[in-house]
Every structure is written in C-alpha cells, then in structure tokens.
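Source file: upload_36.cif (mmCIF, C-alpha atoms)
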```cif
data_final
#
loop_
_atom_site.label_atom_id
_atom_site.label_comp_id
_atom_site.auth_asym_id
_atom_site.auth_seq_id
_atom_site.Cartn_x
_atom_site.Cartn_y
_atom_site.Cartn_z
CA MET A 1 -191.75 13.49 -9.89
CA ALA A 2 -193.24 10.12 -10.84
CA HIS A 3 -191.05 10.00 -13.96
CA PHE A 4 -187.95 10.74 -11.90
CA LEU A 5 -188.82 8.07 -9.32
CA ALA A 6 -189.52 5.43 -11.97
CA SER A 7 -186.23 6.28 -13.73
CA PHE A 8 -184.36 6.19 -10.43
CA ILE A 9 -185.76 2.73 -9.66
CA GLY A 10 -184.63 1.59 -13.10
CA VAL A 11 -181.07 2.75 -12.42
CA VAL A 12 -181.02 1.15 -8.97
CA PHE A 13 -182.31 -2.08 -10.52
CA ALA A 14 -179.43 -2.07 -13.03
CA ILE A 15 -176.93 -1.52 -10.21
CA ALA A 16 -178.51 -4.20 -8.01
CA SER A 17 -178.46 -6.75 -10.86
CA LEU A 18 -174.78 -6.08 -11.54
CA VAL A 19 -173.82 -6.33 -7.87
CA LEU A 20 -175.87 -9.49 -7.37
CA LEU A 21 -174.23 -11.19 -10.34
CA SER A 22 -170.74 -10.06 -9.27
CA LEU A 23 -170.84 -10.91 -5.59
CA GLY A 24 -169.88 -14.58 -5.96
CA LEU A 25 -166.90 -13.78 -8.17
CA ALA A 26 -165.86 -11.03 -5.75
CA ILE A 27 -165.37 -13.80 -3.19
CA ILE A 28 -163.71 -16.32 -5.53
CA TYR A 29 -161.49 -13.91 -7.45
CA GLY A 30 -161.24 -10.91 -5.14
CA MET A 31 -160.59 -12.88 -1.96
CA MET A 32 -159.15 -16.18 -3.17
CA GLY A 33 -157.35 -14.95 -6.28
CA VAL A 34 -158.91 -17.69 -8.43
CA ILE A 35 -159.80 -16.64 -11.98
CA ASN A 36 -162.89 -18.78 -12.46
CA LEU A 37 -163.92 -18.54 -16.11
CA ALA A 38 -166.78 -20.95 -15.35
CA GLN A 39 -168.49 -18.43 -13.06
CA GLY A 40 -171.01 -17.64 -15.79
CA GLU A 41 -171.91 -21.31 -15.99
CA PHE A 42 -172.53 -21.38 -12.24
CA ILE A 43 -175.01 -18.56 -12.84
CA MET A 44 -176.54 -20.62 -15.66
CA LEU A 45 -176.89 -23.67 -13.41
CA GLY A 46 -178.72 -21.55 -10.84
CA ALA A 47 -181.15 -20.37 -13.52
CA TYR A 48 -181.73 -23.93 -14.73
CA THR A 49 -182.42 -25.06 -11.16
CA VAL A 50 -185.38 -22.66 -11.09
CA VAL A 51 -186.53 -23.81 -14.55
CA PHE A 52 -186.27 -27.47 -13.57
CA SER A 53 -188.05 -26.88 -10.25
CA SER A 54 -190.89 -24.96 -11.91
CA ALA A 55 -191.27 -27.65 -14.59
CA HIS A 56 -191.77 -30.25 -11.84
CA GLY A 57 -194.46 -28.35 -10.01
CA LEU A 58 -192.38 -26.63 -7.35
CA ASN A 59 -192.97 -23.01 -6.45
CA LEU A 60 -190.64 -20.43 -8.04
CA TRP A 61 -189.45 -19.32 -4.62
CA ILE A 62 -188.58 -22.88 -3.62
CA GLY A 63 -186.46 -23.11 -6.76
CA MET A 64 -184.63 -19.95 -5.71
CA VAL A 65 -183.89 -21.50 -2.32
CA LEU A 66 -182.65 -24.72 -3.93
CA ALA A 67 -180.42 -22.99 -6.50
CA PRO A 68 -177.63 -21.78 -4.16
CA ALA A 69 -177.57 -25.18 -2.45
CA VAL A 70 -177.30 -27.06 -5.76
CA VAL A 71 -174.66 -24.78 -7.25
CA GLY A 72 -172.80 -24.62 -3.94
CA VAL A 73 -172.43 -28.41 -4.05
CA VAL A 74 -171.25 -28.18 -7.67
CA GLY A 75 -168.69 -25.56 -6.61
CA LEU A 76 -167.52 -27.76 -3.76
CA VAL A 77 -166.97 -30.69 -6.16
CA VAL A 78 -165.15 -28.44 -8.63
CA GLU A 79 -162.86 -27.12 -5.91
CA ARG A 80 -162.04 -30.60 -4.62
CA CYS A 81 -161.51 -32.13 -8.07
CA VAL A 82 -159.87 -29.26 -9.97
CA ILE A 83 -159.18 -25.96 -8.23
CA ARG A 84 -157.35 -27.27 -5.16
CA PHE A 85 -154.47 -28.47 -7.34
CA LEU A 86 -154.08 -25.09 -9.04
CA TYR A 87 -153.84 -22.44 -6.31
CA GLY A 88 -151.16 -19.91 -7.19
CA ARG A 89 -151.09 -21.02 -10.85
CA LEU A 90 -153.23 -18.38 -12.56
CA LEU A 91 -152.73 -19.49 -16.15
CA ASP A 92 -153.44 -23.13 -15.33
CA THR A 93 -156.54 -22.10 -13.39
CA MET A 94 -157.80 -20.03 -16.32
CA LEU A 95 -157.31 -22.93 -18.74
CA ALA A 96 -158.93 -25.44 -16.40
CA THR A 97 -161.98 -23.29 -15.66
CA TRP A 98 -162.34 -22.37 -19.34
CA GLY A 99 -162.45 -26.08 -20.15
CA LEU A 100 -164.94 -26.56 -17.32
CA SER A 101 -167.06 -23.76 -18.78
CA LEU A 102 -167.17 -25.41 -22.19
CA GLY A 103 -167.88 -28.79 -20.60
CA LEU A 104 -170.81 -27.48 -18.54
CA ILE A 105 -172.35 -25.77 -21.57
CA ALA A 106 -172.00 -28.94 -23.63
CA ALA A 107 -173.39 -31.15 -20.86
CA VAL A 108 -176.45 -28.97 -20.25
CA THR A 109 -177.07 -28.71 -24.00
CA LEU A 110 -176.82 -32.50 -24.35
CA ILE A 111 -179.12 -33.20 -21.41
CA LEU A 112 -181.71 -30.40 -21.70
CA GLY A 113 -181.33 -29.33 -25.32
CA PRO A 114 -180.43 -25.96 -26.84
CA SER A 115 -183.95 -24.48 -26.69
CA THR A 116 -184.69 -21.37 -24.66
CA GLU A 117 -186.62 -21.96 -21.45
CA GLY A 118 -188.64 -19.33 -19.64
CA VAL A 119 -190.00 -18.68 -16.18
CA ALA A 120 -192.97 -16.37 -15.65
CA THR A 121 -192.08 -13.14 -13.90
CA PRO A 122 -194.09 -12.87 -10.67
CA LEU A 123 -195.31 -9.95 -8.53
CA GLY A 124 -197.02 -7.91 -11.25
CA HIS A 125 -196.53 -4.15 -11.41
CA VAL A 126 -196.45 -1.27 -8.96
CA ALA A 127 -198.05 2.01 -10.07
CA ILE A 128 -196.00 5.18 -9.59
CA GLY A 129 -198.18 7.99 -10.84
CA SER A 130 -198.84 7.30 -14.51
CA TYR A 131 -195.87 4.90 -14.68
CA ALA A 132 -195.70 1.20 -13.85
CA VAL A 133 -192.67 -0.46 -12.32
CA ALA A 134 -192.32 -4.24 -12.30
CA GLY A 135 -192.72 -5.54 -8.77
CA TYR A 136 -190.06 -8.16 -9.46
CA ASN A 137 -187.52 -5.40 -10.13
CA LEU A 138 -188.10 -4.18 -6.58
CA PHE A 139 -187.58 -7.74 -5.36
CA VAL A 140 -184.24 -7.93 -7.20
CA ILE A 141 -183.13 -4.70 -5.51
CA ALA A 142 -184.12 -6.07 -2.09
CA ALA A 143 -182.46 -9.44 -2.81
CA ALA A 144 -179.20 -7.77 -3.83
CA ALA A 145 -179.19 -5.64 -0.67
CA ALA A 146 -179.92 -8.71 1.48
CA SER A 147 -177.22 -10.80 -0.23
CA VAL A 148 -174.55 -8.14 0.20
CA SER A 149 -175.54 -7.52 3.82
CA LEU A 150 -175.55 -11.24 4.69
CA THR A 151 -172.22 -11.86 2.96
CA TRP A 152 -170.65 -8.83 4.65
CA TYR A 153 -171.91 -10.05 8.02
CA VAL A 154 -170.58 -13.59 7.43
CA PHE A 155 -167.07 -12.40 6.55
CA ASN A 156 -166.86 -9.74 9.24
CA TYR A 157 -168.75 -11.09 12.25
CA THR A 158 -168.69 -14.89 12.15
CA LYS A 159 -165.86 -17.20 13.10
CA LEU A 160 -165.93 -18.96 9.74
CA GLY A 161 -165.74 -15.68 7.85
CA LEU A 162 -162.89 -14.30 9.95
CA VAL A 163 -160.96 -17.56 9.63
CA ALA A 164 -161.53 -17.53 5.85
CA ARG A 165 -160.15 -14.00 5.58
CA GLY A 166 -157.19 -14.99 7.71
CA ALA A 167 -156.49 -18.10 5.62
CA MET A 168 -156.40 -16.04 2.42
CA GLN A 169 -153.89 -13.61 3.94
CA ASN A 170 -151.65 -16.00 5.89
CA ALA A 171 -152.39 -19.70 5.49
CA GLU A 172 -149.32 -20.73 7.51
CA MET A 173 -150.47 -18.81 10.58
CA VAL A 174 -153.97 -20.26 10.31
CA ALA A 175 -152.52 -23.77 10.02
CA ALA A 176 -150.36 -23.11 13.11
CA LEU A 177 -153.58 -22.42 15.02
CA GLY A 178 -154.83 -25.93 14.19
CA ILE A 179 -157.15 -25.00 11.31
CA HIS A 180 -156.92 -26.83 8.00
CA PRO A 181 -156.56 -24.15 5.24
CA PRO A 182 -157.66 -26.43 2.35
CA THR A 183 -160.99 -26.97 4.10
CA ILE A 184 -161.42 -23.20 4.41
CA TYR A 185 -160.61 -22.78 0.71
CA MET A 186 -163.18 -25.42 -0.17
CA VAL A 187 -165.95 -23.81 1.89
CA THR A 188 -165.14 -20.32 0.61
CA PHE A 189 -165.18 -21.43 -3.03
CA ALA A 190 -168.48 -23.26 -2.47
CA PHE A 191 -169.93 -20.13 -0.85
CA GLY A 192 -168.93 -17.98 -3.83
CA SER A 193 -170.43 -20.58 -6.17
CA ALA A 194 -173.67 -20.61 -4.17
CA LEU A 195 -173.92 -16.82 -4.52
CA ALA A 196 -173.57 -17.23 -8.29
CA GLY A 197 -176.32 -19.85 -8.25
CA LEU A 198 -178.59 -17.51 -6.29
CA ALA A 199 -177.94 -14.71 -8.78
CA GLY A 200 -178.80 -17.01 -11.69
CA ALA A 201 -182.00 -18.12 -9.98
CA ILE A 202 -183.09 -14.54 -9.35
CA MET A 203 -182.29 -13.48 -12.91
CA ALA A 204 -184.05 -16.48 -14.50
CA PRO A 205 -187.51 -14.84 -14.71
CA LEU A 206 -185.97 -11.80 -16.42
CA THR A 207 -184.18 -13.55 -19.26
CA GLY A 208 -184.46 -16.58 -21.49
CA VAL A 209 -182.59 -19.51 -19.96
CA VAL A 210 -180.25 -21.26 -22.40
CA PRO A 211 -177.05 -23.29 -21.90
CA SER A 212 -174.98 -20.31 -23.04
CA LEU A 213 -176.67 -17.95 -20.58
CA GLY A 214 -173.49 -17.41 -18.58
CA LEU A 215 -171.70 -15.92 -21.57
CA ALA A 216 -174.12 -12.98 -21.45
CA PHE A 217 -173.08 -12.13 -17.89
CA VAL A 218 -169.50 -13.26 -17.33
CA ALA A 219 -167.82 -10.28 -19.05
CA LYS A 220 -169.85 -7.77 -17.01
CA VAL A 221 -169.11 -9.69 -13.83
CA PHE A 222 -165.35 -9.78 -14.38
CA ILE A 223 -165.29 -6.11 -15.37
CA THR A 224 -167.17 -5.12 -12.22
CA VAL A 225 -164.97 -7.14 -9.87
CA THR A 226 -161.76 -5.97 -11.57
CA VAL A 227 -162.79 -2.32 -11.48
CA GLY A 228 -163.81 -2.72 -7.83
CA GLY A 229 -160.32 -3.75 -6.77
CA ALA A 230 -159.10 -5.34 -3.55
CA ALA A 231 -161.86 -4.09 -1.22
CA ILE A 232 -164.35 -6.86 -1.92
CA PHE A 233 -167.55 -5.28 -0.64
CA ALA A 234 -166.91 -1.55 -0.93
CA GLY A 235 -165.09 -1.99 -4.23
CA THR A 236 -167.75 -4.21 -5.81
CA LEU A 237 -170.54 -1.90 -4.64
CA SER A 238 -168.73 1.19 -5.92
CA ALA A 239 -167.90 -0.38 -9.29
CA GLY A 240 -171.41 -1.79 -9.62
CA ALA A 241 -172.96 1.59 -8.84
CA LEU A 242 -170.77 3.46 -11.30
CA LEU A 243 -170.86 0.96 -14.16
CA GLY A 244 -174.54 0.14 -13.66
CA THR A 245 -175.49 3.82 -13.73
CA ILE A 246 -173.50 4.45 -16.91
CA GLU A 247 -174.89 1.39 -18.69
CA SER A 248 -178.45 2.20 -17.65
CA ALA A 249 -178.21 5.89 -18.61
CA VAL A 250 -176.64 5.26 -22.02
CA SER A 251 -179.08 2.41 -22.74
CA PHE A 252 -181.97 4.74 -21.89
CA VAL A 253 -180.92 7.43 -24.38
CA SER A 254 -179.74 5.03 -27.10
CA THR A 255 -179.72 1.20 -27.10
CA PRO A 256 -178.48 -1.53 -24.71
CA ILE A 257 -175.58 -2.26 -27.07
CA TYR A 258 -174.26 1.28 -26.69
CA GLY A 259 -174.85 0.99 -22.95
CA GLN A 260 -172.54 -2.03 -22.77
CA VAL A 261 -169.94 -0.27 -24.93
CA ALA A 262 -170.05 2.76 -22.63
CA MET A 263 -169.66 0.49 -19.61
CA LEU A 264 -166.58 -1.16 -21.13
CA GLY A 265 -165.11 2.21 -22.10
CA CYS A 266 -165.60 3.54 -18.57
CA ALA A 267 -163.95 0.42 -17.13
CA LEU A 268 -160.92 0.86 -19.40
CA VAL A 269 -160.54 4.50 -18.37
CA LEU A 270 -160.88 3.65 -14.68
CA LEU A 271 -158.29 0.87 -14.90
CA ARG A 272 -155.91 3.24 -16.70
CA ILE A 273 -156.30 5.79 -13.91
CA ALA A 274 -156.40 3.24 -11.09
CA PRO A 275 -154.80 -0.11 -12.06
CA GLN A 276 -155.64 -1.47 -8.60
CA GLY A 277 -159.33 -0.62 -9.03
CA VAL A 278 -161.46 2.10 -7.53
CA SER A 279 -160.85 0.83 -4.00
CA GLY A 280 -157.10 1.13 -4.63
CA LEU A 281 -157.66 4.74 -5.75
CA TRP A 282 -159.30 5.86 -2.53
CA ARG A 283 -156.86 3.87 -0.40
CA ARG A 284 -153.95 5.60 -2.12
CA HIS A 285 -155.44 9.00 -1.41
CA GLY A 286 -156.71 8.07 2.05
#
```

Spell out the structure here as structure tokens.
Amino acid sequence: MAHFLASFIGVVFAIASLVLLSLGLAIIYGMMGVINLAQGEFIMLGAYTVVFSSAHGLNLWIGMVLAPAVVGVVGLVVERCVIRFLYGRLLDTMLATWGLSLGLIAAVTLILGPSTEGVATPLGHVAIGSYAVAGYNLFVIAAAAASVSLTWYVFNYTKLGLVARGAMQNAEMVAALGIHPPTIYMVTFAFGSALAGLAGAIMAPLTGVVPSLGLAFVAKVFITVTVGGAAIFAGTLSAGALLGTIESAVSFVSTPIYGQVAMLGCALVLLRIAPQGVSGLWRRHG
C-alpha cells in the first residue's frame, strides 16, 4: 500500500508540474491565439528571480511571490512593445518571439554568466511506510491546484476575466460597450506571463537554473497546450493528466529520455485522432 501511494504521488507530481508550466501558455496561446516562443524564457526569468532573491538574503518564499510580479511586468512590456503590433499575424509573431527568446537567453548569459545556479529544496521528506516522499513535491501539487483554481475563478467569476474572454471572442462588441480591447489584451498577456514566472519560481529548487532553462520546458508546454485544445482549463488539465501519466510511467520503467519520447508519440497519435485537441474530441461527441 505504501509503495502504491508513493508511486501515485509521483505520478500526480508529474501531472501537476506539467499543468503548472503550461497554464500561462494556455492563456496566451489558447485564449489569445499568440504563439509565444519566448514562454520558456519567461519561466527562466521566474526561476532566476528566486535565485537572485535567495542570493541577496531574501526568503525563498518571498522570491516566489516576487517572481510572478517581475515576469508579469516583463510580459506587459513585451506586449506593449512587440506583440500588440502582431495580433492576427501568426508567422510574424513566431519570428518576433523567437528573436525575443534568443535575446533574453543572451542577455541573461551576459549579465549573470552561463554557470548553473541552484536553490536548496525546502520542506524535507514525508515518510510513507518505508518510503520517503519529498515534502516539496507535495507543495508543487498544492501550488498547481491553487494556480488552476485561482485562474479558473478569475476568468469565470470576475469582471476582468469575463471581459477578457469577451474581448478574445468579439473585440468589436466589447469596444462598443466602452471597453478598450488593447488594454484587455495587455493585461491578459501580462497575466499569462506572470503564471509562467510563478511556474519557473516553483520549479527552481528542483532543477539547475541556467539561461537556457526554458528550452528544457517549452516543448512540453506547447505539446500539452496543443493536445488540450480549445477548452483552456479542462483541455490543459486533461492533456496534462494524460501526458504526465505516460511520461512518468515510462520513465519509471525505463529512463526519462524514453518517457519524453513516449509523451511525444502519444501527443502525435492524439493530434492525428483529434486535430482540435482532446477537448475538441469530447465536444464533437458531446
């Protein structure tokens, strides 16, 4: 029983990590239709915020609070200076954000150097029978659940969230009601960026922090959001659960490399069966 529970927690941790990393892009790409190839670098900036805060004597948890604010401001500047001129131009957006990605990596490398930074993992271990589970893994699971719940509440039960959803579907109608759609786009993009920063901050104690950190996550994030489809929350959760379970299970019986290959193979099969993502599959049969 203890072995099963410890294994189950490991699978849930893999799912929670994937969902946490994907949530910001689910807003930016799934809701706004912006292909942000610099999303991984937003995650990296969140991780470096924690590293920088810890290096200057601030508590790890304070760094995690600062990270979404810092990266949210970066996202706001990026939207105002770059993205707002490119809505509806997918190829141009991809090229611009790819250049931004390379620029952020180069800038961080120039300023902070290419060396790997680390943050001590807090919370120790929790004993489950003869097995030990990292307490921080349980925190990641709780943080992912809280982030999804808060984001779902914002976009379904607050005025700002409802207006944002309306602006993405019919900007002309929203403008006719006296609301400025570009401002809504700016805030929504900054919110998605802040979620990426939070994810990077939470993942920082679990991985070495380097300027190229985002490259390790961006492919998984895009795969998860694409497989999830149009239903931002239900789709991302479903895709994260399925892909995270497959990656975790295959990694457990073989190696993490094969786990990632299995995840990619599953995504390709799912997109062949359901080009609109898993949420499009159940909507079609609903």

Restrict the calculation to only C-alpha atoms, then for each residue of segment 217-252 of chain A with any atom at most 9 Å from an atom of segment 32-50 of chain A give the closest atom pair and their distance in Å to one decimal, rows by chain and rising residue number, as CSV.
```
residue,atom,partner,partner_atom,distance
A:Phe217,CA,A:Gly40,CA,6.2
A:Val218,CA,A:Gly40,CA,4.9
A:Ala219,CA,A:Gly40,CA,8.7
A:Val221,CA,A:Gly40,CA,8.4
```

For this session: Would you work out the distance separating atom CA of Gly229 of chain A from atom CA of Gly30 of chain A, expressed in Å to one decimal?
Result: 7.4 Å

Problem set entry | Given the PyMOL selection byres ((chain A and resi 201) around 7), the residues it picks as a PyMOL selection string | chain A and resi 46-47+50+64+67+197-200+202-204

Just to be explicit: take each residue in the selection above, keep C-alpha atoms, and write the result as a PDB file, in the frame of the given file.
```pdb
ATOM      1  CA  GLY A  46    -178.720 -21.550 -10.840  1.00  0.00           C
ATOM      2  CA  ALA A  47    -181.150 -20.370 -13.520  1.00  0.00           C
ATOM      3  CA  VAL A  50    -185.380 -22.660 -11.090  1.00  0.00           C
ATOM      4  CA  MET A  64    -184.630 -19.950  -5.710  1.00  0.00           C
ATOM      5  CA  ALA A  67    -180.420 -22.990  -6.500  1.00  0.00           C
ATOM      6  CA  GLY A 197    -176.320 -19.850  -8.250  1.00  0.00           C
ATOM      7  CA  LEU A 198    -178.590 -17.510  -6.290  1.00  0.00           C
ATOM      8  CA  ALA A 199    -177.940 -14.710  -8.780  1.00  0.00           C
ATOM      9  CA  GLY A 200    -178.800 -17.010 -11.690  1.00  0.00           C
ATOM     10  CA  ILE A 202    -183.090 -14.540  -9.350  1.00  0.00           C
ATOM     11  CA  MET A 203    -182.290 -13.480 -12.910  1.00  0.00           C
ATOM     12  CA  ALA A 204    -184.050 -16.480 -14.500  1.00  0.00           C
TER      13      ALA A 204
END
```

Exercise. How would you write, as a list in words, the residues chosen by the PyMOL selection byres ((chain A and resi 31) around 10) on this structure?
Worked result: Leu25, Ala26, Ile27, Ile28, Tyr29, Gly30, Met32, Gly33, Val34, Ala164, Arg165, Met168, Gln169, Thr188, Phe189, Gly192, Ala230, Ala231 and Ile232 of chain A

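Take atom CA of Leu162 of chain A and atom CA of Leu20 of chain A: the distance between them is 22.2 Å.
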
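In terms of minimum interatomic distance to Val19 of chain A, A:Ala234 ranks closest within A:Ala249, A:Val278, A:Ala234, A:Cys266, counting all atoms listed in the file.
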
Some atoms are absent from segment 127-149 of chain A, so rebuild N, CA, C and O atoms and return them as a compact mmCIF listing (two decimals), in the coordinates of the input.
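The resulting file, rebuild-v5.txt, is shown below:
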```txt
# COMPACT_ATOMS: atom_id res chain seq x y z
N ALA A 127 -197.76 0.74 -9.41
CA ALA A 127 -198.05 2.01 -10.07
C ALA A 127 -197.33 3.15 -9.34
O ALA A 127 -197.40 3.27 -8.12
N ILE A 128 -196.62 3.97 -10.11
CA ILE A 128 -196.00 5.18 -9.59
C ILE A 128 -196.49 6.33 -10.47
O ILE A 128 -195.96 6.58 -11.55
N GLY A 129 -197.54 6.99 -10.01
CA GLY A 129 -198.18 7.99 -10.84
C GLY A 129 -198.75 7.33 -12.08
O GLY A 129 -199.49 6.35 -12.02
N SER A 130 -198.38 7.87 -13.24
CA SER A 130 -198.84 7.30 -14.51
C SER A 130 -197.88 6.24 -15.05
O SER A 130 -198.06 5.74 -16.16
N TYR A 131 -196.86 5.88 -14.26
CA TYR A 131 -195.87 4.90 -14.68
C TYR A 131 -196.07 3.60 -13.90
O TYR A 131 -196.62 3.60 -12.79
N ALA A 132 -195.62 2.52 -14.50
CA ALA A 132 -195.70 1.20 -13.85
C ALA A 132 -194.30 0.61 -13.75
O ALA A 132 -193.55 0.59 -14.72
N VAL A 133 -193.97 0.16 -12.57
CA VAL A 133 -192.67 -0.46 -12.32
C VAL A 133 -192.91 -1.92 -11.96
O VAL A 133 -193.79 -2.23 -11.14
N ALA A 134 -192.15 -2.81 -12.58
CA ALA A 134 -192.32 -4.24 -12.30
C ALA A 134 -192.01 -4.52 -10.83
O ALA A 134 -190.96 -4.12 -10.31
N GLY A 135 -192.93 -5.20 -10.17
CA GLY A 135 -192.72 -5.54 -8.77
C GLY A 135 -191.51 -6.43 -8.57
O GLY A 135 -190.82 -6.35 -7.55
N TYR A 136 -191.21 -7.26 -9.58
CA TYR A 136 -190.06 -8.16 -9.46
C TYR A 136 -188.76 -7.38 -9.47
O TYR A 136 -187.77 -7.81 -8.86
N ASN A 137 -188.72 -6.23 -10.16
CA ASN A 137 -187.52 -5.40 -10.13
C ASN A 137 -187.23 -4.91 -8.71
O ASN A 137 -186.07 -4.85 -8.28
N LEU A 138 -188.28 -4.60 -7.98
CA LEU A 138 -188.10 -4.18 -6.58
C LEU A 138 -187.59 -5.35 -5.74
O LEU A 138 -186.77 -5.16 -4.84
N PHE A 139 -188.08 -6.55 -6.06
CA PHE A 139 -187.58 -7.74 -5.36
C PHE A 139 -186.10 -7.95 -5.62
O PHE A 139 -185.34 -8.30 -4.71
N VAL A 140 -185.66 -7.76 -6.87
CA VAL A 140 -184.24 -7.93 -7.20
C VAL A 140 -183.39 -6.94 -6.41
O VAL A 140 -182.32 -7.29 -5.89
N ILE A 141 -183.86 -5.71 -6.30
CA ILE A 141 -183.13 -4.70 -5.51
C ILE A 141 -183.02 -5.15 -4.06
O ILE A 141 -181.94 -5.08 -3.45
N ALA A 142 -184.14 -5.61 -3.48
CA ALA A 142 -184.12 -6.07 -2.09
C ALA A 142 -183.24 -7.30 -1.92
O ALA A 142 -182.50 -7.42 -0.93
N ALA A 143 -183.28 -8.23 -2.89
CA ALA A 143 -182.46 -9.44 -2.81
C ALA A 143 -180.98 -9.12 -2.88
O ALA A 143 -180.16 -9.72 -2.16
N ALA A 144 -180.61 -8.17 -3.74
CA ALA A 144 -179.20 -7.77 -3.83
C ALA A 144 -178.73 -7.15 -2.52
O ALA A 144 -177.64 -7.46 -2.02
N ALA A 145 -179.55 -6.27 -1.94
CA ALA A 145 -179.19 -5.64 -0.67
C ALA A 145 -179.05 -6.69 0.43
O ALA A 145 -178.11 -6.65 1.23
N ALA A 146 -179.97 -7.66 0.46
CA ALA A 146 -179.92 -8.71 1.48
C ALA A 146 -178.70 -9.60 1.29
O ALA A 146 -178.03 -9.97 2.27
N SER A 147 -178.37 -9.93 0.04
CA SER A 147 -177.22 -10.80 -0.23
C SER A 147 -175.92 -10.14 0.17
O SER A 147 -175.05 -10.77 0.80
N VAL A 148 -175.77 -8.87 -0.18
CA VAL A 148 -174.55 -8.14 0.20
C VAL A 148 -174.45 -8.02 1.72
O VAL A 148 -173.37 -8.24 2.30
N SER A 149 -175.55 -7.69 2.36
CA SER A 149 -175.54 -7.52 3.82
C SER A 149 -175.20 -8.83 4.53
O SER A 149 -174.39 -8.86 5.45
```
